[in-house]
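Student: Supplied in structure tokens, the structure appears directly below.
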Amino acid sequence: MVQINDVTTYTNIDGVGVIVLNSPPVNALSAAVRDGIHGGVQKALADADAQAIVLRCDGNTFIAGADITEFGKPPAGVGLGEVQRVLEESTKPVIAAIHGTALGGGLEVALVCHWRIAVPTARLGLPEVNIGLLPGAGGTQRLPRVVGPEVALEWMTAGTQVKAADALESGLIDALAPEDDLQGAAVALAKRVVAEQRPLRKLRDENAKVEAARGKPEIFAAFRKANAKKFRGFAAPEKIVQCVEAAVNLPFDEGLKLERKLFVELMHGDQSAAQRHYFFASRQAWQVPGLKKDAAIVPVQTVGVIGAGTMGAGIAMNFLNVGIPVHIVETQQAALDRGLKTIRTNYENTAKKGKLKVEAIEERMALVTGSLDLQDLSDCDLVIEAVFENMEVKKDIFGRLDRVAKAGAILASNTSALDLNQIASATSRPESVIGLHFFSPANVMKLLEVVRGDKTSDSVIATSMQLARKIGKVAVLVGVCPGFVGNRILGQRQREANQLIFEGAMPWAVDRVLYDFGFPMGPFAMSDLAGLDLGWNKEKSTGSTLREVLCEMDRRGQKTGAGFYDYDEKRTARPSTLVEGVIKQFAEKKGITPREVSDDEILERCIYPMINEGAKILEEGMASRASDIDVVWINGYGWPVYRGGPMHYGDRVGLPKVLTRMREFEAKYGPQFKPAKLLEELVATGRRFSDLKPAH
Ligand code: 3HC
């Protein structure tokens, strides 16, 4: 065995030169890895006893892509293009031996090898789109040549990771290897290729599949149309389509040139910066700063849920989905039956859509039981309370739960608004109490705010974070404050949206600006969808707020065919002149003279106070990092990932600009715009949110 460099070895096995990369955690194409491959190939070419070359990796995975941490830094080492050139032009056949994942630049390296072999558990794909990029090392030109333009379009714009069996079927790999002998099988394939004197296979020269699509622009038109909604706002998917068009219509090298040009454009753009930020933010959020490393993890084998409403039922499903039995306790049999029915119906609907096997419905339902007695939760390792938001009721439940639950059980509340420390004070074991704030629908929404009380133990926090990962959530640890992180920031946007409409911006203008920014819908369309009568009481309604007036007019949202908007039978929204009139009357009563409000003002008034509130949250230590706030907003509130979350957006816009505007708004509109101390400090010291160290 010869050491090529720190991360690469070369061994001649039976006449085949085997290059092995070992650069944890994912063998990303760092300068060292690129140098290592390059050096390894030179070594193999010079080795008179080697007739062929195998490229494989040690550790968990084949090369998982370019090294994202290198992006934006000055180039070092051999370039990826040169590495690919020596592989593709090698006079000795090169076999890529794949396990784990061959992703992005990793697959693009495999695609310049002459043959590919993979173990059955391997996955292959070009997921660059997820970080706002396109495959920039020939992937957009070679993949369509192997699997055809239509399939390549699907895979690259969705970032699909294909299983080895599908890769074999589509021609992306040439053979499957036994799971436990990839190297042996790769060497055997290399020897077979030599023995059969097979001509070297270079995908760049295989034109049949792209030529078949030439002169058929309708393929691309149909693809764009079918995906218009999914791609809205994102720059990368359209550029990927353009590259595949080039693969079909232009010679290989011309296509490659376009790919490079568009890749560089994306790489320097705001979107990729935002999506790369999110890539690391979503991974960091799992690391809780200051948590004891040896905090004991409580094994959670049974879960109790108190309350069988929509929330309770949705929460229960998360655990049933991963095979953890759940016992639900209600106060009324009818409510319990309704809850169990909700769970079954949800599963049946998923099965109807083909996303769940029919057998799985019964398997999961067999794991859920229900009763009317809190005592039945005495064996549960974790109990989650999901009753309505009333402190007295919650304290009563936690007091009783304290007497029933076994020692060491985790007692969680799903409260979205109440003081968790007060809830915990109703028990004799506040260290076991934690908030698990699921978002509705709880079986669908990814976000979970894990709320740490003053006394919550490290063990309970560590267990909750681990469990969240197990049930497929994106968990963010937050502190106890009104609205926690997500709703607290939402409150700022909501306040401004409600105020702006009295100043002259109509609800549809506010909605349009936020929709164009990238949110799935604006706040007024959202209210109409949720129902304006949430929390409204006909008897107590006094017509003193716009919402009350609309409800009194039976404009209670989409369900009544009218709310802020008018709806037709297909639920298409149209601005309502009637609502416009009502708003103007309100404005008059408030003594406000409506004026022209610019789109820029709408955006800044809605978004900058959110950033400011995020700064306050950090100041108070209610979130550990600015990027955690971004993770909350991207996963729970539809913040467009290509804008990186409110805090990243603030950094990108420039904190001095945010601060200046907040000061102007404060002078004009009042103290609700008072800049956070942290925002002022950061600006004064020329720093950004991303410069802050995680808070303990
Ligand atoms: N560059 C640098 N670091 C990377 C990386 C990459 N491409 N991929 C993963 N990492 C790091 C992660 O940040 C993480 O670091 P940490 O331990 O310090 O937090 C560590 O590797 C492990 O990653 P995960 O926690 O994600 O581990 P998993 O086992 O869950 O997933 C994976 C492994 C499937 C490989 C996943 O990490 C992944 O999807 N990685 C990104 C793949 C990708 O996007 N590749 C394309 C890159 S762009 C490109 O190739 C451009 C080219 O076309 C020119």
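Here, A, B, ... name the chains of the structure tokens in the order displayed, residue numbers run from 1 inside each chain, and ligands are numbered from 1 in the same displayed order.
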Give the residue list for ligand 1 at 6 Å, counting only C-alpha atoms and all ligand atoms, as a list in words, sorted by chain and then by residue number.
Tutor: Pro25, Val26, Ala28, Ala64, Gly65, Ala66, Asp67, Ile68, Thr69, Leu103, Gly104, Gly105, Pro127, Glu128, Pro135, Gly136, Ala137, Phe280 and Arg283 of chain A
Student: For A:Phe263, find every residue with an atom within 12 Å (counting only C-alpha atoms), except residues of its own chain fewer than 4 positions away, and show them as a ChimeraX atom specification.
Tutor: /A:128-129,131-140,235-240,242-243,256-259,267-269,272
Student: If we count only C-alpha atoms and set the cut-off at 12 Å, which residues sit around A:Glu392, ignoring sequence neighbours fewer than 4 positions away in its own chain? Please answer as a list in words.
Tutor: Val387, Phe388, Asp396, Ile397, Phe398, Gly399, Leu418, Asp419, Gln422, Ile423, Ser425 and Ala426 of chain A
Student: Take the residues that were just selected and, keeping N, CA and C atoms, output them as a compact mmCIF listing (two decimals), in the first residue's frame.
Tutor:
# COMPACT_ATOMS: atom_id res chain seq x y z
N VAL A 387 -54.17 19.55 25.45
CA VAL A 387 -55.54 20.04 25.64
C VAL A 387 -55.56 21.53 25.31
N PHE A 388 -56.75 22.17 25.41
CA PHE A 388 -56.81 23.57 24.98
C PHE A 388 -56.02 24.49 25.91
N ASP A 396 -53.86 21.78 36.44
CA ASP A 396 -54.59 20.69 37.08
C ASP A 396 -54.14 19.34 36.50
N ILE A 397 -54.04 19.28 35.18
CA ILE A 397 -53.62 18.03 34.54
C ILE A 397 -52.20 17.64 34.98
N PHE A 398 -51.30 18.61 34.99
CA PHE A 398 -49.91 18.28 35.36
C PHE A 398 -49.81 17.86 36.82
N GLY A 399 -50.64 18.47 37.67
CA GLY A 399 -50.66 18.09 39.09
C GLY A 399 -51.07 16.63 39.22
N LEU A 418 -48.47 29.31 26.55
CA LEU A 418 -48.46 29.51 28.01
C LEU A 418 -47.06 29.32 28.61
N ASP A 419 -46.93 29.83 29.85
CA ASP A 419 -45.64 29.80 30.53
C ASP A 419 -45.35 28.38 31.03
N GLN A 422 -44.62 27.83 34.76
CA GLN A 422 -45.80 27.77 35.64
C GLN A 422 -46.43 26.39 35.58
N ILE A 423 -46.50 25.85 34.38
CA ILE A 423 -47.07 24.50 34.23
C ILE A 423 -46.23 23.51 35.03
N SER A 425 -44.49 24.07 37.57
CA SER A 425 -44.57 24.29 39.02
C SER A 425 -45.74 23.51 39.64
N ALA A 426 -46.63 23.02 38.82
CA ALA A 426 -47.74 22.22 39.35
C ALA A 426 -47.29 20.80 39.68
Student: Just the residues within 8 Å of stretch 448-452 of chain A, please, counting only C-alpha atoms, with nothing from its chain fewer than 3 positions along; format it as a VMD selection string.
Tutor: chain A and resid 420 434 to 439 455 to 456 461 464 to 465 468 473 to 480 484 632
Student: Of the residues A:Arg85, A:Arg364, A:Arg643, A:Lys216, which is the one nearest to A:Gly323, using only C-alpha atoms?
Tutor: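 That would be A:Arg364, the residue with the smallest distance to A:Gly323.
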Student: Do a neighbour search on A:Phe673 at 10 Å with only C-alpha atoms, toss out local chain neighbours closer than 4 positions, and write the hits as a VMD selection string.
Tutor: chain A and resid 492 605 608 to 609 612 to 613 659 661 to 669
Student: Pick from A:Lys209, A:Arg56, A:Lys202, A:Lys292: nearest to A:Ala186, with only C-alpha atoms counted?
Tutor: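 Nearest to A:Ala186: A:Arg56.
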Student: Tell me which protein, DNA and RNA residues are within 7 Å of stretch 327-337 of chain A, counting only C-alpha atoms, leaving out same-chain ones fewer than 3 positions away, and put them as a list in words.
Tutor: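 Within the cut-off, the hits are Val303, Gly304, Val305, Ile306, Gly307, Ala308, Leu340, Lys341, Val368, Thr369, Gly370, Ser371, Leu372, Asp373 and Leu374 of chain A.
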Student: Keeping N, CA and C atoms, export the residues of the selection given above as a PDB file, in the first residue's frame.
Tutor:
ATOM      1  N   VAL A 303     -45.706   5.977  24.709  1.00  0.00           N
ATOM      2  CA  VAL A 303     -46.024   7.401  24.802  1.00  0.00           C
ATOM      3  C   VAL A 303     -47.489   7.556  25.191  1.00  0.00           C
ATOM      4  N   GLY A 304     -47.760   8.513  26.067  1.00  0.00           N
ATOM      5  CA  GLY A 304     -49.138   8.852  26.383  1.00  0.00           C
ATOM      6  C   GLY A 304     -49.457  10.217  25.807  1.00  0.00           C
ATOM      7  N   VAL A 305     -50.693  10.389  25.333  1.00  0.00           N
ATOM      8  CA  VAL A 305     -51.112  11.700  24.845  1.00  0.00           C
ATOM      9  C   VAL A 305     -52.393  12.070  25.580  1.00  0.00           C
ATOM     10  N   ILE A 306     -52.432  13.270  26.134  1.00  0.00           N
ATOM     11  CA  ILE A 306     -53.650  13.713  26.823  1.00  0.00           C
ATOM     12  C   ILE A 306     -54.384  14.678  25.905  1.00  0.00           C
ATOM     13  N   GLY A 307     -55.574  14.292  25.501  1.00  0.00           N
ATOM     14  CA  GLY A 307     -56.357  15.110  24.566  1.00  0.00           C
ATOM     15  C   GLY A 307     -56.355  14.473  23.189  1.00  0.00           C
ATOM     16  N   ALA A 308     -57.568  14.198  22.675  1.00  0.00           N
ATOM     17  CA  ALA A 308     -57.670  13.511  21.380  1.00  0.00           C
ATOM     18  C   ALA A 308     -58.225  14.437  20.308  1.00  0.00           C
ATOM     19  N   LEU A 340     -59.616   8.902  17.614  1.00  0.00           N
ATOM     20  CA  LEU A 340     -59.119   7.661  17.003  1.00  0.00           C
ATOM     21  C   LEU A 340     -59.553   7.592  15.535  1.00  0.00           C
ATOM     22  N   LYS A 341     -60.773   8.078  15.303  1.00  0.00           N
ATOM     23  CA  LYS A 341     -61.290   8.088  13.924  1.00  0.00           C
ATOM     24  C   LYS A 341     -60.429   9.027  13.052  1.00  0.00           C
ATOM     25  N   VAL A 368     -52.301   1.909  18.818  1.00  0.00           N
ATOM     26  CA  VAL A 368     -52.911   3.003  19.577  1.00  0.00           C
ATOM     27  C   VAL A 368     -54.091   2.501  20.409  1.00  0.00           C
ATOM     28  N   THR A 369     -54.101   2.906  21.671  1.00  0.00           N
ATOM     29  CA  THR A 369     -55.207   2.565  22.557  1.00  0.00           C
ATOM     30  C   THR A 369     -55.715   3.862  23.177  1.00  0.00           C
ATOM     31  N   GLY A 370     -56.879   3.786  23.803  1.00  0.00           N
ATOM     32  CA  GLY A 370     -57.417   4.997  24.410  1.00  0.00           C
ATOM     33  C   GLY A 370     -58.239   4.672  25.642  1.00  0.00           C
ATOM     34  N   SER A 371     -58.380   5.630  26.529  1.00  0.00           N
ATOM     35  CA  SER A 371     -59.234   5.434  27.702  1.00  0.00           C
ATOM     36  C   SER A 371     -59.578   6.794  28.298  1.00  0.00           C
ATOM     37  N   LEU A 372     -60.355   6.772  29.389  1.00  0.00           N
ATOM     38  CA  LEU A 372     -60.783   8.027  30.003  1.00  0.00           C
ATOM     39  C   LEU A 372     -60.094   8.245  31.353  1.00  0.00           C
ATOM     40  N   ASP A 373     -59.073   7.452  31.625  1.00  0.00           N
ATOM     41  CA  ASP A 373     -58.477   7.491  32.951  1.00  0.00           C
ATOM     42  C   ASP A 373     -56.985   7.833  32.880  1.00  0.00           C
ATOM     43  N   LEU A 374     -56.624   8.923  33.516  1.00  0.00           N
ATOM     44  CA  LEU A 374     -55.225   9.376  33.512  1.00  0.00           C
ATOM     45  C   LEU A 374     -54.283   8.316  34.097  1.00  0.00           C
TER      46      LEU A 374
END
Student: To one decimal in Å, tell me the separation between atom CA of A:Ser541 and atom CA of A:Phe586.
Tutor: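 The value is 16.2 Å.
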Student: Just checking: using only C-alpha atoms, which residue out of A:Trp508, A:Phe223, A:Phe524, A:Tyr515 ends up closest to A:Pro575?
Tutor: A:Trp508
Student: Excluding A:Gly504 and its own-chain neighbours fewer than 2 positions away, which residues fall within 6 Å of it when counting only C-alpha atoms? Please give them as a PDB file with N, CA and C atoms, in the first residue's frame.
Tutor:
ATOM      1  N   ILE A 501     -53.105  47.843   6.491  1.00  0.00           N
ATOM      2  CA  ILE A 501     -54.344  47.926   5.698  1.00  0.00           C
ATOM      3  C   ILE A 501     -55.177  49.154   6.073  1.00  0.00           C
ATOM      4  N   PHE A 502     -54.989  49.635   7.295  1.00  0.00           N
ATOM      5  CA  PHE A 502     -55.708  50.865   7.641  1.00  0.00           C
ATOM      6  C   PHE A 502     -55.026  52.099   7.063  1.00  0.00           C
ATOM      7  N   PRO A 594     -56.007  57.386   4.590  1.00  0.00           N
ATOM      8  CA  PRO A 594     -55.318  56.406   3.735  1.00  0.00           C
ATOM      9  C   PRO A 594     -54.387  57.096   2.746  1.00  0.00           C
ATOM     10  N   ARG A 595     -53.269  56.449   2.473  1.00  0.00           N
ATOM     11  CA  ARG A 595     -52.284  56.998   1.548  1.00  0.00           C
ATOM     12  C   ARG A 595     -51.787  55.851   0.674  1.00  0.00           C
TER      13      ARG A 595
END
Student: Just list the residues in stretch 48-152 of chain A DSSP gives strand (DSSP E) on the backbone, as a list in words.
Tutor: Ala52, Ile53, Val54, Leu55, Arg56, Cys57, Val94, Ile95, Ala96, Ala97, Ile98, Thr101, Ala102, Leu103, Trp115, Arg116, Ile117, Ala118, Arg123, Leu124 and Gly125 of chain A
Student: Using only C-alpha atoms, which residue out of A:Gln84, A:Gln287, A:Thr121, A:Thr660 lies closest to A:Leu679?
Tutor: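 Checking each candidate against A:Leu679, we get A:Thr660 as the closest.
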